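Colleague: Data file upload_37.pdb (PDB, C-alpha atoms) is appended below.
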```
ATOM      1  CA  MET U 683       0.000   0.000   0.000
ATOM      2  CA  LYS U 684       1.262   3.447  -0.923
ATOM      3  CA  LEU U 685       0.147   5.523   2.073
ATOM      4  CA  VAL U 686       1.003   9.146   2.786
ATOM      5  CA  ILE U 687       0.106  10.868   6.051
ATOM      6  CA  LEU U 688      -0.523  14.596   5.960
ATOM      7  CA  ASP U 689      -1.071  17.246   8.588
ATOM      8  CA  ARG U 690      -4.128  19.455   7.993
ATOM      9  CA  ASN U 691      -3.791  23.068   9.214
ATOM     10  CA  GLY U 692      -0.916  24.852   7.467
ATOM     11  CA  THR U 693      -0.438  21.881   5.123
ATOM     12  CA  ILE U 694      -3.754  21.500   3.289
ATOM     13  CA  ASN U 695      -5.569  24.594   4.530
ATOM     14  CA  VAL U 696      -4.573  28.042   5.744
ATOM     15  CA  HIS U 697      -3.162  28.074   9.296
ATOM     16  CA  ARG U 698      -4.775  30.515  11.723
ATOM     17  CA  GLU U 699      -3.170  31.568  15.005
ATOM     18  CA  ASP U 700      -6.691  31.796  16.493
ATOM     19  CA  PHE U 701      -7.558  28.251  15.244
ATOM     20  CA  VAL U 702      -9.745  27.250  12.317
ATOM     21  CA  LYS U 703     -13.092  27.084  14.108
ATOM     22  CA  SER U 704     -15.677  26.676  11.336
ATOM     23  CA  ASP U 705     -16.148  25.582   7.751
ATOM     24  CA  VAL U 706     -16.266  29.269   6.779
ATOM     25  CA  GLU U 707     -12.735  29.705   8.176
ATOM     26  CA  TRP U 708     -11.465  26.541   6.470
ATOM     27  CA  THR U 709      -9.686  27.715   3.299
ATOM     28  CA  PRO U 710      -7.467  25.440   1.204
ATOM     29  CA  LEU U 711      -3.930  26.520   0.397
ATOM     30  CA  PRO U 712      -3.275  27.219  -3.301
ATOM     31  CA  GLY U 713      -2.801  23.974  -5.211
ATOM     32  CA  ALA U 714      -3.165  21.733  -2.143
ATOM     33  CA  LEU U 715      -6.385  19.997  -3.170
ATOM     34  CA  GLU U 716      -5.130  19.412  -6.702
ATOM     35  CA  ALA U 717      -1.900  17.983  -5.227
ATOM     36  CA  ILE U 718      -3.902  15.456  -3.190
ATOM     37  CA  ALA U 719      -5.841  14.515  -6.341
ATOM     38  CA  ARG U 720      -2.527  13.894  -8.129
ATOM     39  CA  LEU U 721      -1.494  11.548  -5.317
ATOM     40  CA  ASN U 722      -4.804   9.678  -5.550
ATOM     41  CA  HIS U 723      -4.503   9.317  -9.318
ATOM     42  CA  ALA U 724      -1.018   7.857  -8.842
ATOM     43  CA  GLY U 725      -2.380   5.198  -6.483
ATOM     44  CA  TRP U 726      -1.631   6.804  -3.120
ATOM     45  CA  VAL U 727      -3.952   6.509  -0.138
ATOM     46  CA  VAL U 728      -4.032   9.809   1.762
ATOM     47  CA  ALA U 729      -4.713   9.978   5.502
ATOM     48  CA  ILE U 730      -4.668  13.034   7.748
ATOM     49  CA  ALA U 731      -3.195  13.175  11.265
ATOM     50  CA  SER U 732      -4.183  16.438  12.927
ATOM     51  CA  ASN U 733      -4.136  18.009  16.377
ATOM     52  CA  GLN U 734      -7.547  19.596  16.950
ATOM     53  CA  SER U 735      -7.094  20.973  20.451
ATOM     54  CA  GLY U 736      -9.750  23.590  19.691
ATOM     55  CA  LEU U 737     -12.203  20.842  20.646
ATOM     56  CA  GLY U 738     -10.589  20.319  24.047
ATOM     57  CA  ARG U 739     -10.285  24.066  24.548
ATOM     58  CA  GLY U 740     -13.984  24.558  23.804
ATOM     59  CA  LEU U 741     -13.360  26.792  20.764
ATOM     60  CA  PHE U 742     -15.547  24.646  18.490
ATOM     61  CA  ASP U 743     -17.592  21.453  18.709
ATOM     62  CA  MET U 744     -17.704  18.169  16.781
ATOM     63  CA  ALA U 745     -20.436  19.477  14.482
ATOM     64  CA  SER U 746     -18.137  22.338  13.453
ATOM     65  CA  LEU U 747     -15.199  19.975  12.895
ATOM     66  CA  ASN U 748     -17.422  17.665  10.836
ATOM     67  CA  ALA U 749     -18.555  20.668   8.762
ATOM     68  CA  MET U 750     -14.904  21.625   8.093
ATOM     69  CA  HIS U 751     -14.130  18.103   6.923
ATOM     70  CA  ALA U 752     -17.311  17.892   4.848
ATOM     71  CA  LYS U 753     -16.234  21.089   3.071
ATOM     72  CA  MET U 754     -12.736  19.675   2.514
ATOM     73  CA  HIS U 755     -14.118  16.387   1.122
ATOM     74  CA  LYS U 756     -16.551  18.222  -1.177
ATOM     75  CA  MET U 757     -13.841  20.551  -2.502
ATOM     76  CA  LEU U 758     -11.485  17.589  -3.010
ATOM     77  CA  ALA U 759     -14.148  15.646  -4.903
ATOM     78  CA  ALA U 760     -14.641  18.647  -7.202
ATOM     79  CA  VAL U 761     -11.003  18.341  -8.347
ATOM     80  CA  GLY U 762     -11.003  14.530  -8.475
ATOM     81  CA  GLY U 763      -9.314  13.896  -5.136
ATOM     82  CA  ARG U 764     -10.061  12.376  -1.785
ATOM     83  CA  VAL U 765      -8.709  11.917   1.717
ATOM     84  CA  ASP U 766      -9.356   8.359   2.821
ATOM     85  CA  ALA U 767      -9.531   9.077   6.554
ATOM     86  CA  VAL U 768      -9.023  11.893   9.040
ATOM     87  CA  PHE U 769      -7.452  11.004  12.378
ATOM     88  CA  PHE U 770      -7.433  13.779  14.963
ATOM     89  CA  CYS U 771      -6.512  14.436  18.555
ATOM     90  CA  PRO U 772      -9.394  16.248  20.299
ATOM     91  CA  HIS U 773      -7.504  16.884  23.529
ATOM     92  CA  ALA U 774      -6.239  20.113  25.046
ATOM     93  CA  PRO U 775      -2.444  20.299  25.483
ATOM     94  CA  ASP U 776      -2.583  19.692  29.245
ATOM     95  CA  GLU U 777      -4.577  16.437  29.030
ATOM     96  CA  GLY U 778      -1.484  14.249  28.627
ATOM     97  CA  CYS U 779      -2.950  11.999  25.919
ATOM     98  CA  SER U 780      -0.876   9.744  23.671
ATOM     99  CA  CYS U 781      -2.444  11.021  20.440
ATOM    100  CA  ARG U 782      -1.437  14.703  20.541
ATOM    101  CA  LYS U 783       1.493  15.339  18.238
ATOM    102  CA  PRO U 784       4.494  15.269  18.850
ATOM    103  CA  ARG U 785       3.470  11.896  20.331
ATOM    104  CA  PRO U 786       2.972   9.161  17.700
ATOM    105  CA  GLY U 787      -0.516   8.003  18.781
ATOM    106  CA  LEU U 788      -2.322   9.186  15.634
ATOM    107  CA  PHE U 789       0.228   7.414  13.449
ATOM    108  CA  GLU U 790      -0.250   4.239  15.492
ATOM    109  CA  GLN U 791      -4.027   4.537  14.970
ATOM    110  CA  ILE U 792      -3.468   4.877  11.220
ATOM    111  CA  SER U 793      -1.202   1.822  11.259
ATOM    112  CA  ASP U 794      -3.869  -0.181  13.116
ATOM    113  CA  ARG U 795      -6.699   1.025  10.863
ATOM    114  CA  TYR U 796      -4.948  -0.004   7.651
ATOM    115  CA  GLY U 797      -3.130  -3.027   9.068
ATOM    116  CA  VAL U 798       0.186  -1.745   7.763
ATOM    117  CA  ASP U 799       3.505  -0.777   9.239
ATOM    118  CA  VAL U 800       3.905   2.983   8.697
ATOM    119  CA  ARG U 801       7.686   2.826   9.079
ATOM    120  CA  GLY U 802       9.295   4.336   6.006
ATOM    121  CA  MET U 803       6.053   5.868   4.756
ATOM    122  CA  PRO U 804       6.175   9.598   3.979
ATOM    123  CA  THR U 805       4.532  12.157   6.227
ATOM    124  CA  ALA U 806       4.353  15.889   5.579
ATOM    125  CA  GLY U 807       3.483  18.807   7.812
ATOM    126  CA  ASP U 808       4.275  22.413   8.559
ATOM    127  CA  SER U 809       5.446  22.098  12.170
ATOM    128  CA  LEU U 810       8.192  20.464  14.174
ATOM    129  CA  ARG U 811       5.649  18.452  16.197
ATOM    130  CA  ASP U 812       4.139  17.012  12.982
ATOM    131  CA  LEU U 813       7.525  15.662  11.970
ATOM    132  CA  GLN U 814       8.484  14.501  15.462
ATOM    133  CA  ALA U 815       5.270  12.458  15.715
ATOM    134  CA  GLY U 816       5.779  10.873  12.317
ATOM    135  CA  TYR U 817       9.445  10.203  12.974
ATOM    136  CA  ALA U 818       8.620   8.577  16.336
ATOM    137  CA  ALA U 819       6.374   6.177  14.382
ATOM    138  CA  GLY U 820       9.170   5.516  11.871
ATOM    139  CA  CYS U 821       7.804   7.656   9.031
ATOM    140  CA  GLU U 822       9.931   9.583   6.547
ATOM    141  CA  PRO U 823       9.633  13.294   7.568
ATOM    142  CA  HIS U 824       8.922  16.112   5.107
ATOM    143  CA  LEU U 825       8.667  19.754   6.209
ATOM    144  CA  LEU U 826       6.472  22.112   4.207
ATOM    145  CA  LEU U 827       7.362  25.802   4.250
ATOM    146  CA  THR U 828       3.709  26.811   4.560
ATOM    147  CA  GLY U 829       1.804  27.683   7.738
ATOM    148  CA  MET U 830       4.179  27.506  10.703
ATOM    149  CA  GLY U 831       6.851  26.027   8.440
ATOM    150  CA  ALA U 832       7.301  29.440   6.795
ATOM    151  CA  ALA U 833       9.539  30.327   9.775
ATOM    152  CA  CYS U 834      12.112  27.852   8.372
ATOM    153  CA  ARG U 835      12.242  29.452   4.924
ATOM    154  CA  GLY U 836      15.913  30.076   4.141
ATOM    155  CA  VAL U 837      17.085  28.113   7.208
ATOM    156  CA  ASP U 838      19.750  25.626   6.166
ATOM    157  CA  PRO U 839      20.483  23.395   7.888
ATOM    158  CA  LEU U 840      17.299  22.964   9.893
ATOM    159  CA  PRO U 841      17.635  23.340  13.677
ATOM    160  CA  PRO U 842      18.899  20.157  15.390
ATOM    161  CA  ASP U 843      15.522  19.348  16.988
ATOM    162  CA  TYR U 844      14.137  18.431  13.536
ATOM    163  CA  PRO U 845      14.326  14.695  12.805
ATOM    164  CA  PRO U 846      17.416  13.568  10.905
ATOM    165  CA  GLY U 847      16.824  13.230   7.190
ATOM    166  CA  THR U 848      13.960  15.747   7.114
ATOM    167  CA  ARG U 849      13.361  16.879   3.543
ATOM    168  CA  VAL U 850      12.093  20.411   2.920
ATOM    169  CA  HIS U 851       9.532  21.458   0.290
ATOM    170  CA  ASP U 852       7.976  24.816  -0.520
ATOM    171  CA  ASP U 853       4.408  23.513  -0.205
ATOM    172  CA  LEU U 854       2.175  20.477  -0.635
ATOM    173  CA  PRO U 855       2.282  20.599  -4.464
ATOM    174  CA  ALA U 856       6.119  20.580  -4.350
ATOM    175  CA  PHE U 857       6.100  17.644  -1.915
ATOM    176  CA  VAL U 858       3.712  15.719  -4.182
ATOM    177  CA  GLU U 859       5.890  16.482  -7.218
ATOM    178  CA  TYR U 860       8.873  15.077  -5.294
ATOM    179  CA  LEU U 861       6.988  11.884  -4.331
ATOM    180  CA  LEU U 862       5.674  11.262  -7.833
ATOM    181  CA  ALA U 863       9.073  11.878  -9.432
ATOM    182  CA  ARG U 864      10.704   9.509  -6.940
ATOM    183  CA  ASP U 865       8.015   6.893  -7.650
ATOM    184  CA  ALA U 866       8.649   7.208 -11.376
ATOM    185  CA  LEU U 867      12.402   6.724 -10.882
ATOM    186  CA  GLN U 868      11.900   3.729  -8.608
ATOM    187  CA  SER U 869       9.518   2.040 -11.032
ATOM    188  CA  GLY U 870      11.692   2.821 -14.062
ATOM    189  CA  ILE U 871       9.165   5.126 -15.669
ATOM    190  CA  VAL U 872      10.880   7.915 -17.550
ATOM    191  CA  ASP U 873       9.010  11.076 -18.462
ATOM    192  CA  ALA U 874       9.228  11.631 -22.191
ATOM    193  CA  ALA U 875       8.898  15.396 -21.823
TER     194      ALA U 875
END
```
Translate this structure into structure tokens?
Modeller:
Amino acid sequence: MKLVILDRNGTINVHREDFVKSDVEWTPLPGALEAIARLNHAGWVVAIASNQSGLGRGLFDMASLNAMHAKMHKMLAAVGGRVDAVFFCPHAPDEGCSCRKPRPGLFEQISDRYGVDVRGMPTAGDSLRDLQAGYAAGCEPHLLLTGMGAACRGVDPLPPDYPPGTRVHDDLPAFVEYLLARDALQSGIVDAA
């Protein structure tokens, strides 16, 4: 199974310091939905692992979160894409759960759900905690310079707290281009262009 695990806020949709609290506030980043569709068309299963502490903080409820995801799914379908499943941590930071990134609980849930070992599978996000969680589960870390990741633009090398081997991409479309090009090389497909 070709599985990729993506963060949501700052990766697929615009990051807000005051939290994305409704479907009205949920706005996709340029090219992100089309990038997911490209992954789907190339045979990738896309899952989301997202901290949603706004639930635990009382900033929005499950109906609001469901409305955000319904909007995302509808907009993805319009461009021929889909997210197979959304895994989220509903807890506030002080609850000490095992699913809040940087802990790997969401990645373990994804592994259990699909019956696959996620070690070596790519994960992409815009924050250090996204990559730490994925790396703790054995995933291949990819930092996107969108959302909170914009703070790392022009930073080379990355600070030492980033997982070793972290690859850096401008945005989700650039990450997808990288994955698809690597797939083509590994399967011996050469682009005639």
Colleague: Measure the distance from CA of Asn722 in chain U to CA of Asn691 in chain U in Å and round it to one decimal.
Modeller: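 Between these atoms lies a distance of 20.0 Å.
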Colleague: Using the chain letters and residue numbers of this document, give as a list of chain:residue names the residues selected by the PyMOL selection byres ((chain U and resi 696-707) around 9).
Modeller: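 Taken on the displayed file, the PyMOL selection byres ((chain U and resi 696-707) around 9) yields the residues U:Arg690, U:Asn691, U:Gly692, U:Thr693, U:Ile694, U:Asn695, U:Trp708, U:Thr709, U:Pro710, U:Leu711, U:Gln734, U:Ser735, U:Gly736, U:Leu741, U:Phe742, U:Asp743, U:Ser746, U:Leu747, U:Asn748, U:Ala749, U:Met750, U:His751, U:Ala752, U:Lys753, U:Met754, U:Thr828, U:Gly829, U:Met830.
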Colleague: Any idea what the distance is between CA of His723 in chain U and CA of Gly762 in chain U?
Modeller: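 Straight-line distance from CA of His723 in chain U to CA of Gly762 in chain U works out to 8.4 Å.
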Colleague: List every protein, DNA or RNA residue that has at least one atom no more than 8 Å from (-8.0, 24.7, 27.1) in the file's coordinates, counting all atoms listed in the file, and write the result as a ChimeraX atom specification.
Modeller: /U:735-736,738-740,774-776
Colleague: I need the residue nearest Ala866 in chain U from this list: U:Ala724, U:Leu854, U:Met757, U:Asn733. Use all atoms listed in the file for the distance.
Modeller: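 Nearest candidate to Ala866 in chain U out of U:Ala724, U:Leu854, U:Met757, U:Asn733: U:Ala724.
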Colleague: Taking into account all atoms listed in the file, which residue in the set U:Val850, U:Arg864, U:Lys783, U:Ala729 is nearest to Gln814 in chain U?
Modeller: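 Closest to Gln814 in chain U of all the choices is U:Lys783.
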Colleague: Would you pick out the contacts of Pro804 in chain U at 9 Å or less, using all atoms listed in the file, so that residues sharing its chain but fewer than 2 positions from it are not included, and give the list as number ranges by chain?
Modeller: U: 685-688, 800-802, 806, 816, 821-824, 861
Colleague: Tell me which residues the PyMOL selection byres ((chain U and resi 785) around 10) grabs here, as a PyMOL selection string.
Modeller: chain U and resi 778-784+786-790+811-812+814-819
Colleague: Write a file of the selected residues as an mmCIF file, keeping the file's coordinate frame, keeping C-alpha atoms.
Modeller:
```cif
data_model
loop_
_atom_site.group_PDB
_atom_site.id
_atom_site.type_symbol
_atom_site.label_atom_id
_atom_site.label_comp_id
_atom_site.auth_asym_id
_atom_site.auth_seq_id
_atom_site.Cartn_x
_atom_site.Cartn_y
_atom_site.Cartn_z
ATOM 1 C CA GLY U 778 -1.484 14.249 28.627
ATOM 2 C CA CYS U 779 -2.950 11.999 25.919
ATOM 3 C CA SER U 780 -0.876 9.744 23.671
ATOM 4 C CA CYS U 781 -2.444 11.021 20.440
ATOM 5 C CA ARG U 782 -1.437 14.703 20.541
ATOM 6 C CA LYS U 783 1.493 15.339 18.238
ATOM 7 C CA PRO U 784 4.494 15.269 18.850
ATOM 8 C CA PRO U 786 2.972 9.161 17.700
ATOM 9 C CA GLY U 787 -0.516 8.003 18.781
ATOM 10 C CA LEU U 788 -2.322 9.186 15.634
ATOM 11 C CA PHE U 789 0.228 7.414 13.449
ATOM 12 C CA GLU U 790 -0.250 4.239 15.492
ATOM 13 C CA ARG U 811 5.649 18.452 16.197
ATOM 14 C CA ASP U 812 4.139 17.012 12.982
ATOM 15 C CA GLN U 814 8.484 14.501 15.462
ATOM 16 C CA ALA U 815 5.270 12.458 15.715
ATOM 17 C CA GLY U 816 5.779 10.873 12.317
ATOM 18 C CA TYR U 817 9.445 10.203 12.974
ATOM 19 C CA ALA U 818 8.620 8.577 16.336
ATOM 20 C CA ALA U 819 6.374 6.177 14.382
#
```
Colleague: When the PyMOL selection byres ((chain U and resi 796) around 12) is applied to the structure above, which residues does it catch, written out as an MDAnalysis selection string?
Modeller: chainID U and resid 683:686 727:729 766:767 789:795 797:800
Colleague: Given the selection you just returned, output its residues as a file containing C-alpha atoms, formatted as an mmCIF file, in the frame of the given file.
Modeller:
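Output saved as result-v3.cif:
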```cif
data_model
loop_
_atom_site.group_PDB
_atom_site.id
_atom_site.type_symbol
_atom_site.label_atom_id
_atom_site.label_comp_id
_atom_site.auth_asym_id
_atom_site.auth_seq_id
_atom_site.Cartn_x
_atom_site.Cartn_y
_atom_site.Cartn_z
ATOM 1 C CA MET U 683 0.000 0.000 0.000
ATOM 2 C CA LYS U 684 1.262 3.447 -0.923
ATOM 3 C CA LEU U 685 0.147 5.523 2.073
ATOM 4 C CA VAL U 686 1.003 9.146 2.786
ATOM 5 C CA VAL U 727 -3.952 6.509 -0.138
ATOM 6 C CA VAL U 728 -4.032 9.809 1.762
ATOM 7 C CA ALA U 729 -4.713 9.978 5.502
ATOM 8 C CA ASP U 766 -9.356 8.359 2.821
ATOM 9 C CA ALA U 767 -9.531 9.077 6.554
ATOM 10 C CA PHE U 789 0.228 7.414 13.449
ATOM 11 C CA GLU U 790 -0.250 4.239 15.492
ATOM 12 C CA GLN U 791 -4.027 4.537 14.970
ATOM 13 C CA ILE U 792 -3.468 4.877 11.220
ATOM 14 C CA SER U 793 -1.202 1.822 11.259
ATOM 15 C CA ASP U 794 -3.869 -0.181 13.116
ATOM 16 C CA ARG U 795 -6.699 1.025 10.863
ATOM 17 C CA GLY U 797 -3.130 -3.027 9.068
ATOM 18 C CA VAL U 798 0.186 -1.745 7.763
ATOM 19 C CA ASP U 799 3.505 -0.777 9.239
ATOM 20 C CA VAL U 800 3.905 2.983 8.697
#
```
